[in-house]
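Visitor: I am sharing my_file-v2.tsv, which consists of TSV, C-alpha atoms and all ligand atoms:
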```tsv
chain	number	residue	atom	x	y	z
M	1	MET	CA	8.57	11.75	-77.56
M	2	THR	CA	9.60	11.77	-81.20
M	3	ALA	CA	12.88	13.57	-80.41
M	4	ARG	CA	13.63	11.33	-77.41
M	5	HIS	CA	13.00	8.13	-79.37
M	6	ARG	CA	14.54	9.07	-82.69
M	7	ARG	CA	16.63	5.90	-82.80
M	8	HIS	CA	13.71	3.73	-81.65
M	9	PRO	CA	10.68	5.24	-83.40
M	10	LEU	CA	8.23	2.56	-82.19
M	11	ARG	CA	8.77	3.84	-78.65
M	12	ALA	CA	7.15	7.13	-79.67
M	13	VAL	CA	3.94	5.42	-80.80
M	14	ILE	CA	3.64	2.08	-78.97
M	15	GLY	CA	5.61	1.89	-75.71
M	16	VAL	CA	8.99	1.63	-74.02
M	17	ASP	CA	9.37	-2.17	-74.15
M	18	ASP	CA	11.02	-3.03	-77.48
M	19	LEU	CA	9.93	-6.66	-77.37
M	20	ASN	CA	6.27	-5.64	-76.86
M	21	ASN	CA	6.68	-3.13	-79.67
M	22	ALA	CA	7.96	-5.79	-82.07
M	23	TYR	CA	5.12	-8.15	-81.14
M	24	ILE	CA	2.31	-5.56	-81.26
M	25	ASP	CA	3.60	-4.09	-84.53
M	26	GLY	CA	3.82	-7.55	-86.12
M	27	SER	CA	0.42	-8.62	-84.82
M	28	GLN	CA	-1.33	-5.49	-86.11
M	29	LYS	CA	0.28	-5.69	-89.54
M	30	ARG	CA	-0.62	-9.36	-89.80
M	31	LEU	CA	-4.28	-8.49	-89.20
M	32	VAL	CA	-4.35	-5.73	-91.81
M	33	SER	CA	-2.55	-7.77	-94.46
M	34	ARG	CA	-4.89	-10.74	-93.94
M	35	ALA	CA	-8.04	-8.61	-94.07
M	36	VAL	CA	-7.25	-6.49	-97.14
M	37	ARG	CA	-5.48	-7.72	-100.25
M	38	LEU	CA	-3.24	-4.76	-100.99
M	39	GLU	CA	-3.02	-4.15	-104.76
M	40	PRO	CA	-0.09	-2.39	-106.51
M	41	HIS	CA	-2.48	0.31	-107.85
M	42	PHE	CA	-3.89	1.19	-104.38
M	43	SER	CA	-3.88	4.66	-102.88
M	44	VAL	CA	-3.74	4.47	-99.09
M	45	LEU	CA	-4.46	7.10	-96.46
M	46	ASP	CA	-2.93	6.54	-93.03
M	47	TYR	CA	-4.91	8.73	-90.65
M	48	GLY	CA	-2.88	9.66	-87.54
M	49	CYS	CA	0.35	8.44	-89.14
M	50	GLY	CA	2.66	9.17	-86.19
M	51	VAL	CA	6.29	8.46	-87.06
M	52	GLY	CA	5.39	6.59	-90.26
M	53	ARG	CA	5.18	3.06	-88.86
M	54	TRP	CA	2.37	2.26	-91.33
M	55	THR	CA	3.13	4.59	-94.23
M	56	LEU	CA	6.60	3.07	-94.65
M	57	TRP	CA	5.14	-0.42	-94.46
M	58	PHE	CA	2.43	0.25	-97.05
M	59	ALA	CA	4.72	2.13	-99.45
M	60	PRO	CA	6.47	-0.81	-101.20
M	61	GLN	CA	3.15	-2.64	-101.59
M	62	VAL	CA	1.01	0.07	-103.23
M	63	ARG	CA	1.16	2.99	-105.70
M	64	ARG	CA	0.74	5.94	-103.31
M	65	VAL	CA	0.54	6.50	-99.56
M	66	VAL	CA	-0.56	9.66	-97.78
M	67	GLY	CA	0.04	9.98	-94.04
M	68	VAL	CA	-1.69	12.74	-92.06
M	69	ASP	CA	-1.32	13.66	-88.42
M	70	LEU	CA	-2.35	16.40	-86.04
M	71	SER	CA	1.22	16.73	-84.76
M	72	PRO	CA	3.71	18.55	-87.04
M	73	LYS	CA	6.56	16.93	-85.09
M	74	MET	CA	5.25	13.45	-85.85
M	75	VAL	CA	4.89	14.44	-89.50
M	76	ASP	CA	8.51	15.68	-89.56
M	77	ALA	CA	9.68	12.39	-88.06
M	78	ALA	CA	7.68	10.40	-90.62
M	79	ARG	CA	9.06	12.50	-93.51
M	80	ARG	CA	12.59	12.04	-92.25
M	81	ALA	CA	12.11	8.29	-91.95
M	82	ALA	CA	10.75	8.10	-95.50
M	83	ASP	CA	13.67	10.19	-96.81
M	84	GLU	CA	16.22	8.07	-94.98
M	85	ALA	CA	14.63	4.91	-96.39
M	86	GLY	CA	14.63	6.44	-99.90
M	87	ILE	CA	10.86	5.96	-100.22
M	88	ARG	CA	9.38	8.19	-102.89
M	89	ASN	CA	5.69	7.27	-103.14
M	90	VAL	CA	4.79	8.59	-99.67
M	91	GLU	CA	3.72	12.06	-98.57
M	92	HIS	CA	3.12	13.18	-95.00
M	93	HIS	CA	1.04	16.21	-94.05
M	94	ALA	CA	0.07	17.90	-90.82
M	95	LEU	CA	-3.64	18.61	-90.53
M	96	ASP	CA	-5.90	20.24	-88.05
M	97	GLY	CA	-8.91	17.98	-87.61
M	98	VAL	CA	-11.68	17.58	-90.17
M	99	PRO	CA	-12.80	18.09	-92.92
M	100	LEU	CA	-10.03	16.19	-94.67
M	101	PRO	CA	-8.47	17.93	-97.69
M	102	PHE	CA	-9.20	15.03	-100.06
M	103	GLU	CA	-11.84	14.35	-102.68
M	104	ASP	CA	-14.65	11.87	-102.19
M	105	GLY	CA	-13.47	8.32	-102.83
M	106	ALA	CA	-9.80	9.36	-103.17
M	107	PHE	CA	-8.45	6.24	-101.40
M	108	ASP	CA	-8.76	2.48	-101.76
M	109	LEU	CA	-7.88	2.02	-98.11
M	110	VAL	CA	-7.96	4.28	-95.06
M	111	ASN	CA	-5.96	2.96	-92.12
M	112	ALA	CA	-6.57	4.42	-88.64
M	113	VAL	CA	-4.57	2.73	-85.94
M	114	TRP	CA	-4.60	4.01	-82.37
M	115	VAL	CA	-5.81	7.48	-83.26
M	116	LEU	CA	-9.58	7.70	-82.81
M	117	ARG	CA	-9.29	7.28	-79.05
M	118	TYR	CA	-7.50	10.64	-78.85
M	119	ILE	CA	-10.62	12.33	-80.21
M	120	VAL	CA	-12.39	12.63	-76.89
M	121	ASP	CA	-15.34	14.70	-78.10
M	122	ASP	CA	-18.08	12.39	-79.40
M	123	ASP	CA	-19.36	14.85	-82.01
M	124	GLU	CA	-15.88	15.38	-83.39
M	125	LEU	CA	-15.37	11.63	-83.50
M	126	ALA	CA	-18.61	11.22	-85.48
M	127	ARG	CA	-17.51	13.95	-87.92
M	128	THR	CA	-14.10	12.29	-88.29
M	129	VAL	CA	-15.57	8.85	-88.97
M	130	ARG	CA	-17.85	10.42	-91.57
M	131	GLU	CA	-14.83	11.99	-93.26
M	132	LEU	CA	-12.85	8.72	-93.21
M	133	CYS	CA	-15.82	7.03	-94.91
M	134	ARG	CA	-16.24	9.86	-97.43
M	135	VAL	CA	-12.65	9.63	-98.70
M	136	VAL	CA	-12.77	5.84	-99.24
M	137	ARG	CA	-13.87	4.78	-102.71
M	138	PRO	CA	-16.95	2.59	-103.12
M	139	GLY	CA	-15.78	-0.98	-102.56
M	140	GLY	CA	-12.77	0.27	-100.53
M	141	TYR	CA	-11.85	-0.37	-96.91
M	142	VAL	CA	-11.21	1.24	-93.55
M	143	THR	CA	-8.95	-0.70	-91.19
M	144	LEU	CA	-9.18	0.33	-87.58
M	145	ILE	CA	-7.29	-0.80	-84.49
M	146	GLU	CA	-8.26	0.69	-81.17
M	147	MET	CA	-7.98	0.22	-77.45
M	148	THR	CA	-11.51	-0.52	-76.31
M	149	ALA	CA	-13.50	-0.80	-73.09
M	150	GLN	CA	-15.61	-3.79	-72.14
M	151	GLU	CA	-18.46	-1.80	-70.57
M	152	ALA	CA	-18.74	2.00	-70.18
M	153	PRO	CA	-16.16	4.22	-71.93
M	154	VAL	CA	-12.96	4.73	-69.93
M	155	PHE	CA	-11.52	8.25	-69.90
M	156	LYS	CA	-7.73	8.55	-69.51
M	157	GLU	CA	-6.17	11.88	-68.70
M	158	HIS	CA	-2.94	10.50	-70.13
M	159	GLU	CA	-1.57	7.07	-71.00
M	160	GLY	CA	1.66	6.63	-69.06
M	161	ASP	CA	4.44	8.29	-71.03
M	162	PHE	CA	2.00	9.70	-73.58
M	163	SER	CA	0.60	13.11	-72.80
M	164	GLY	CA	-2.90	13.94	-73.95
M	165	ALA	CA	-6.29	12.53	-73.06
M	166	ALA	CA	-7.85	9.43	-74.56
M	167	VAL	CA	-11.16	7.59	-74.39
M	168	TYR	CA	-11.35	3.80	-74.59
M	169	ARG	CA	-14.79	3.26	-76.11
M	170	ARG	CA	-16.79	0.10	-76.55
M	171	LEU	CA	-16.14	-1.62	-79.86
M	172	GLU	CA	-19.89	-1.43	-80.53
M	173	GLU	CA	-19.64	2.34	-80.52
M	174	TYR	CA	-17.10	2.30	-83.35
M	175	ARG	CA	-19.11	-0.30	-85.24
M	176	SER	CA	-22.30	1.71	-85.09
M	177	LEU	CA	-20.58	4.96	-86.12
M	178	PHE	CA	-19.22	3.30	-89.28
M	179	GLU	CA	-22.45	1.40	-89.95
M	180	GLY	CA	-24.30	4.71	-89.59
M	181	CYS	CA	-22.26	5.90	-92.59
M	182	GLY	CA	-23.51	2.93	-94.61
M	183	MET	CA	-20.32	0.88	-94.17
M	184	THR	CA	-20.28	-2.87	-93.50
M	185	VAL	CA	-18.07	-4.53	-90.91
M	186	GLN	CA	-16.27	-7.34	-92.74
M	187	GLU	CA	-14.05	-8.56	-89.97
M	188	CYS	CA	-13.77	-8.04	-86.26
M	189	ALA	CA	-10.85	-9.54	-84.32
M	190	VAL	CA	-8.76	-9.25	-81.21
M	191	SER	CA	-5.31	-7.85	-81.86
M	192	SER	CA	-2.03	-8.63	-80.08
M	193	ALA	CA	-3.71	-11.35	-78.00
M	194	SER	CA	-1.25	-14.25	-78.20
M	195	PRO	CA	-1.47	-16.22	-74.92
M	196	LEU	CA	2.06	-17.51	-75.61
M	197	TYR	CA	3.49	-14.00	-75.90
M	198	TRP	CA	1.77	-12.53	-72.84
M	199	SER	CA	2.60	-15.61	-70.70
M	200	TYR	CA	6.24	-15.15	-71.65
M	201	VAL	CA	6.11	-11.46	-70.68
M	202	ALA	CA	4.39	-12.23	-67.36
M	203	ALA	CA	7.04	-14.83	-66.50
M	204	ARG	CA	9.91	-12.57	-67.65
M	205	ASP	CA	8.60	-9.63	-65.60
M	206	ALA	CA	8.01	-11.77	-62.49
M	207	VAL	CA	11.63	-12.97	-62.63
M	208	ARG	CA	12.86	-9.39	-63.11
M	209	ARG	CA	10.81	-8.07	-60.18
M	210	ARG	CA	12.29	-10.67	-57.88
M	211	GLY	CA	15.82	-9.89	-59.09
M	212	LEU	CA	16.36	-13.50	-60.16
M	213	PRO	CA	18.59	-14.50	-63.10
M	214	ASN	CA	16.59	-14.18	-66.30
M	215	LEU	CA	16.34	-17.76	-67.49
M	216	PHE	CA	13.99	-16.61	-70.22
M	217	SER	CA	16.43	-14.38	-72.10
M	218	PRO	CA	17.55	-17.11	-74.57
M	219	LEU	CA	13.91	-17.32	-75.67
M	220	ALA	CA	13.62	-13.59	-76.40
M	221	PRO	CA	14.66	-13.73	-80.10
M	222	LEU	CA	12.19	-16.55	-80.73
M	223	ILE	CA	9.16	-15.45	-78.82
M	224	VAL	CA	7.87	-12.79	-81.25
M	225	PRO	CA	8.09	-14.93	-84.42
M	226	LEU	CA	6.63	-17.94	-82.56
M	227	SER	CA	3.77	-15.91	-81.11
M	228	LEU	CA	2.96	-14.34	-84.49
M	229	ALA	CA	3.09	-17.73	-86.22
M	230	GLY	CA	0.69	-19.13	-83.60
M	231	GLU	CA	-1.81	-16.30	-83.96
M	232	SER	CA	-3.68	-18.02	-86.77
M	233	LEU	CA	-4.58	-20.66	-84.15
M	234	THR	CA	-5.05	-18.43	-81.11
M	235	THR	CA	-6.92	-15.40	-82.51
M	236	ARG	CA	-10.34	-17.06	-82.79
M	237	PRO	CA	-10.38	-18.72	-79.33
M	238	MET	CA	-9.08	-15.51	-77.74
M	239	GLN	CA	-11.82	-13.58	-79.53
M	240	ILE	CA	-14.50	-15.89	-78.06
M	241	LEU	CA	-13.01	-15.64	-74.55
M	242	ALA	CA	-12.70	-11.85	-74.82
M	243	ASP	CA	-16.27	-11.41	-76.12
M	244	ARG	CA	-17.53	-13.38	-73.12
M	245	GLY	CA	-15.47	-11.29	-70.71
M	246	ILE	CA	-13.40	-14.35	-69.64
M	247	VAL	CA	-10.13	-12.72	-70.68
M	248	ARG	CA	-9.50	-9.01	-71.01
M	249	CYS	CA	-8.39	-7.96	-74.42
M	250	ARG	CA	-8.52	-4.28	-75.15
M	251	HIS	CA	-6.85	-4.24	-78.54
M	252	ARG	CA	-9.50	-4.70	-81.23
M	253	PHE	CA	-9.39	-4.70	-85.01
M	254	LEU	CA	-12.18	-3.88	-87.46
M	255	CYS	CA	-12.05	-4.15	-91.23
M	256	ILE	CA	-14.91	-2.10	-92.63
M	257	LYS	CA	-15.99	-2.04	-96.28
M	258	LYS	CA	-17.74	0.68	-98.23
M	259	PRO	CA	-20.48	-0.82	-100.41
M	260	GLU	CA	-19.93	-0.71	-104.17
M	261	ASP	CA	-22.90	1.66	-104.46
M	262	GLY	CA	-21.19	4.13	-102.07
M	263	GLY	CA	-23.32	3.57	-98.94
M	264	ILE	CA	-25.58	6.22	-97.51
M	265	GLY	CA	-24.76	9.87	-97.13
M	266	VAL	CA	-20.98	9.62	-97.37
B	301	LIG	C1	-0.31	6.34	-80.63
B	301	LIG	S1	0.08	7.31	-82.03
B	301	LIG	C2	-0.24	6.12	-83.35
B	301	LIG	C3	0.43	6.48	-84.61
B	301	LIG	C4	0.25	5.49	-85.77
B	301	LIG	N1	-1.13	5.40	-86.18
B	301	LIG	C5	0.76	4.14	-85.40
B	301	LIG	O1	-0.05	3.23	-85.21
B	301	LIG	O2	1.99	4.00	-85.32
B	301	LIG	C6	-1.31	8.42	-82.19
B	301	LIG	C7	-1.13	9.47	-83.28
B	301	LIG	O3	-2.39	10.09	-83.54
B	301	LIG	C8	-2.19	11.46	-83.73
B	301	LIG	N2	-3.49	12.14	-83.53
B	301	LIG	C9	-4.16	12.35	-82.37
B	301	LIG	N3	-5.35	12.93	-82.61
B	301	LIG	C10	-5.44	13.09	-83.96
B	301	LIG	C11	-6.43	13.63	-84.83
B	301	LIG	N4	-7.57	14.15	-84.36
B	301	LIG	N5	-6.19	13.63	-86.16
B	301	LIG	C12	-5.02	13.13	-86.64
B	301	LIG	N6	-4.05	12.62	-85.87
B	301	LIG	C13	-4.24	12.60	-84.55
B	301	LIG	C14	-1.10	11.81	-82.73
B	301	LIG	O4	-0.46	13.03	-83.06
B	301	LIG	C15	-0.20	10.59	-82.86
B	301	LIG	O5	0.77	10.76	-83.86
```
Rewrite the structure from the file as structure tokens, please.
Guide:
Amino acid sequence: MTARHRRHPLRAVIGVDDLNNAYIDGSQKRLVSRAVRLEPHFSVLDYGCGVGRWTLWFAPQVRRVVGVDLSPKMVDAARRAADEAGIRNVEHHALDGVPLPFEDGAFDLVNAVWVLRYIVDDDELARTVRELCRVVRPGGYVTLIEMTAQEAPVFKEHEGDFSGAAVYRRLEEYRSLFEGCGMTVQECAVSSASPLYWSYVAARDAVRRRGLPNLFSPLAPLIVPLSLAGESLTTRPMQILADRGIVRCRHRFLCIKKPEDGGIGV
């Protein structure tokens, strides 16, 4: 995937539709930047860094960024992207599961986007969450974005183009794992849930399927910025509708804080 999508790195970590990629990427980064005030002295760990989508975004805003990933190929791609962008305060490392090779409280923020679902074993997930909590400093944050299930966990042998199994768990499961480590959920939100954006995509795809002229193409450059601008109005209502099962929204965001006294047992 990383080799195939070298010129379009988001395709290796989000999907094949570049417009969706731009919207989802913007929506996720908006959530993180609103939930955590990034400070210039921050040290950030991006767990499951992929091609460096987050590490390169954090780098100009903080002192130091460390990206880690199970896949050496992803790590190579992230390193190359950082080199090409001339970014010096980022390091990327391949790792093989937990424990993490960092000291307790080494980071002000740990970011884990679309990675925990690939840990299909529940015990390993619990160990990983414990490690993520251990390496955050007291008063620091974990930001998490995951695909979730409404009811029972959903097991996927693969996700379309992406090889490898995944489990979409209930959001409550993630919440209770972090709370079990003494962390406090500060914010819980739907991610990438703009009704404007997804209505546009539904209409665009319907026209394409029928082979009709795409009357929507002039809107394409505007739809992502408009949808992102509107998210401050649409996120809360979409959250209420999703929580009640009226609309399906799998992408969920949690901002989780470690208490100043360090929480329990982490
Ligand atoms: C869908 S990509 C997301 C990458 C990045 N977080 C992003 O949002 O752009 C999932 C990444 O998680 C990595 N991964 C899967 N299981 C992992 C684990 N147990 N520890 C660290 N990384 C893992 C994969 O190699 C892949 O790079």
Visitor: Extract, using all atoms listed in the file, all DNA, RNA and protein residues at most 10 Å from Val154 (chain M), discarding same-chain residues fewer than 5 positions from it, and format them as JSON, numbers by chain.
Guide: {"M": [148, 149, 166, 167, 168, 169, 170]}
Visitor: To test the calculation: enclose all listed atoms of ligand LIG 301 (chain B) in a box whose edges run along x, y and z, add 8 Å on each side, then state centre and edge lengths in Å to one decimal, as AutoDock Vina command-line options.
Guide:
```
--center_x -2.8 --center_y 8.7 --center_z -83.6 --size_x 25.6 --size_y 26.9 --size_z 22.0
```
Visitor: Residues up to 6 Å from ligand LIG 301 (chain B), counting only C-alpha atoms and all ligand atoms: could you list those as a list in words?
Guide: Val13, Tyr47, Gly48, Cys49, Gly50, Arg53, Asp69, Leu70, Ser71, Met74, Gly97, Val113, Trp114, Val115, Tyr118 and Ile119 of chain M
Visitor: Considering all atoms listed in the file, state which residue in the set M:Lys257, M:Asp17, M:His158, M:Glu84 is at the smallest distance from Leu132 (chain M).
Guide: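 Using all atoms listed in the file, Leu132 (chain M) sits closest to M:Lys257.
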Visitor: Mind giving me the straight-line distance from CA of Ser232 (chain M) to CA of Ser194 (chain M) in Å, one decimal?
Guide: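 CA of Ser194 (chain M) lies 9.7 Å from CA of Ser232 (chain M).
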Visitor: Please, what distance in Å, to one decimal, runs between CA of Asp83 (chain M) and CA of Gly52 (chain M)?
Guide: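 Atom-to-atom, CA of Asp83 (chain M) and CA of Gly52 (chain M) are spaced 11.2 Å apart.
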Visitor: If we count all atoms listed in the file, what is near Val224 (chain M) at a cut-off of 9 Å, once residues fewer than 6 positions away on the same chain are taken out, given as a list in words?
Guide: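 The neighbour list is Leu19, Asn20, Ala22, Tyr23, Gly26 and Tyr197 of chain M.
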Visitor: Find, counting all atoms listed in the file, the residue in M:Leu109, M:Val62, M:Val190, M:Ala77 that gets nearest to Leu241 (chain M).
Guide: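 Closest to Leu241 (chain M) of all the choices is M:Val190.
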Visitor: Show me, as a PyMOL selection string, the residues that have an atom within 10 Å of Ile24 (chain M) when counting all atoms listed in the file, minus same-chain residues fewer than 6 positions from it.
Guide: chain M and resi 14-15+18+30+191-194+224+228+251
Visitor: Please list as a JSON list (two decimals) with C-alpha atoms, in the coordinates of the input every residue within 8 Å of region 43-46 of chain M, counting only C-alpha atoms and excluding residues in the same chain fewer than 6 positions away.
Guide:
```
[["chain", "number", "residue", "atom", "x", "y", "z"],
["M", 54, "TRP", "CA", 2.37, 2.26, -91.33],
["M", 55, "THR", "CA", 3.13, 4.59, -94.23],
["M", 58, "PHE", "CA", 2.43, 0.25, -97.05],
["M", 62, "VAL", "CA", 1.01, 0.07, -103.23],
["M", 63, "ARG", "CA", 1.16, 2.99, -105.70],
["M", 64, "ARG", "CA", 0.74, 5.94, -103.31],
["M", 65, "VAL", "CA", 0.54, 6.50, -99.56],
["M", 66, "VAL", "CA", -0.56, 9.66, -97.78],
["M", 67, "GLY", "CA", 0.04, 9.98, -94.04],
["M", 68, "VAL", "CA", -1.69, 12.74, -92.06],
["M", 106, "ALA", "CA", -9.80, 9.36, -103.17],
["M", 107, "PHE", "CA", -8.45, 6.24, -101.40],
["M", 108, "ASP", "CA", -8.76, 2.48, -101.76],
["M", 109, "LEU", "CA", -7.88, 2.02, -98.11],
["M", 110, "VAL", "CA", -7.96, 4.28, -95.06],
["M", 111, "ASN", "CA", -5.96, 2.96, -92.12],
["M", 112, "ALA", "CA", -6.57, 4.42, -88.64]]
```
Visitor: Quote the spacing between CA of Glu173 (chain M) and CA of Pro72 (chain M) in Å to one decimal place.
Guide: 29.2 Å
Visitor: Looking at all atoms listed in the file, which of M:Ala59, M:Ala165, M:Ala85, M:Leu254 is the one that sits closest to Gln186 (chain M)?
Guide: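 Answer, going by the shortest atom-to-atom distance: M:Leu254.
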Visitor: Between M:Gly182, M:Pro40, M:Pro153, M:Gly140, which residue has the minimum interatomic distance to Arg250 (chain M), considering all atoms listed in the file?
Guide: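 Closest candidate: M:Pro153.
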Visitor: Counting all atoms listed in the file, which of M:Val36, M:Leu196, M:Leu31, M:Cys249 gets nearest to Gly139 (chain M)?
Guide: M:Val36
Visitor: Here is a test: counting only C-alpha atoms, which residue of M:Ala126, M:Ile246, M:Ala78, M:Ala189 is nearest to Thr234 (chain M)?
Guide: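 Distance minimum relative to Thr234 (chain M) lands on M:Ala189.
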Visitor: Applying 9 Å and only C-alpha atoms, which residues near Cys133 (chain M) remain after dropping the ones on its own chain fewer than 6 positions away? List them as a PDB file with C-alpha atoms, in the frame of the given file.
Guide:
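Result file out-v1.pdb:
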```pdb
ATOM      1  CA  ASP M 104     -14.650  11.870-102.190  1.00  0.00           C
ATOM      2  CA  GLY M 105     -13.470   8.320-102.830  1.00  0.00           C
ATOM      3  CA  VAL M 110      -7.960   4.280 -95.060  1.00  0.00           C
ATOM      4  CA  TYR M 141     -11.850  -0.370 -96.910  1.00  0.00           C
ATOM      5  CA  VAL M 142     -11.210   1.240 -93.550  1.00  0.00           C
ATOM      6  CA  PHE M 178     -19.220   3.300 -89.280  1.00  0.00           C
ATOM      7  CA  CYS M 181     -22.260   5.900 -92.590  1.00  0.00           C
ATOM      8  CA  GLY M 182     -23.510   2.930 -94.610  1.00  0.00           C
ATOM      9  CA  MET M 183     -20.320   0.880 -94.170  1.00  0.00           C
ATOM     10  CA  LYS M 258     -17.740   0.680 -98.230  1.00  0.00           C
ATOM     11  CA  VAL M 266     -20.980   9.620 -97.370  1.00  0.00           C
TER      12      VAL M 266
END
```
Visitor: Model the absent atoms of region 122-138 of chain M so that N, CA and C atoms are present, and write the result as a compact mmCIF listing (two decimals), keeping the file's coordinate frame.
Guide:
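Everything below was put into out26.txt:
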```txt
# COMPACT_ATOMS: atom_id res chain seq x y z
N ASP M 122 -17.30 13.35 -78.60
CA ASP M 122 -18.08 12.39 -79.40
C ASP M 122 -18.54 12.97 -80.74
N ASP M 123 -18.90 14.26 -80.74
CA ASP M 123 -19.36 14.85 -82.01
C ASP M 123 -18.21 14.94 -83.01
N GLU M 124 -17.04 15.30 -82.48
CA GLU M 124 -15.88 15.38 -83.39
C GLU M 124 -15.52 13.98 -83.91
N LEU M 125 -15.65 12.99 -83.04
CA LEU M 125 -15.37 11.63 -83.50
C LEU M 125 -16.34 11.25 -84.63
N ALA M 126 -17.62 11.56 -84.44
CA ALA M 126 -18.61 11.22 -85.48
C ALA M 126 -18.28 11.93 -86.79
N ARG M 127 -17.88 13.20 -86.69
CA ARG M 127 -17.51 13.95 -87.92
C ARG M 127 -16.28 13.32 -88.58
N THR M 128 -15.33 12.88 -87.74
CA THR M 128 -14.10 12.29 -88.29
C THR M 128 -14.40 10.97 -88.99
N VAL M 129 -15.23 10.14 -88.35
CA VAL M 129 -15.57 8.85 -88.97
C VAL M 129 -16.27 9.09 -90.30
N ARG M 130 -17.14 10.08 -90.33
CA ARG M 130 -17.85 10.42 -91.57
C ARG M 130 -16.86 10.81 -92.68
N GLU M 131 -15.85 11.58 -92.29
CA GLU M 131 -14.83 11.99 -93.26
C GLU M 131 -14.00 10.80 -93.74
N LEU M 132 -13.64 9.90 -92.81
CA LEU M 132 -12.85 8.72 -93.21
C LEU M 132 -13.65 7.92 -94.24
N CYS M 133 -14.97 7.80 -93.99
CA CYS M 133 -15.82 7.03 -94.91
C CYS M 133 -15.97 7.77 -96.24
N ARG M 134 -16.06 9.08 -96.19
CA ARG M 134 -16.24 9.86 -97.43
C ARG M 134 -15.05 9.67 -98.37
N VAL M 135 -13.82 9.65 -97.81
CA VAL M 135 -12.65 9.63 -98.70
C VAL M 135 -12.27 8.22 -99.18
N VAL M 136 -13.00 7.20 -98.71
CA VAL M 136 -12.77 5.84 -99.24
C VAL M 136 -13.62 5.67 -100.48
N ARG M 137 -13.08 5.01 -101.48
CA ARG M 137 -13.87 4.78 -102.71
C ARG M 137 -14.91 3.69 -102.45
N PRO M 138 -16.01 3.70 -103.22
CA PRO M 138 -16.95 2.59 -103.12
C PRO M 138 -16.23 1.26 -103.34
```
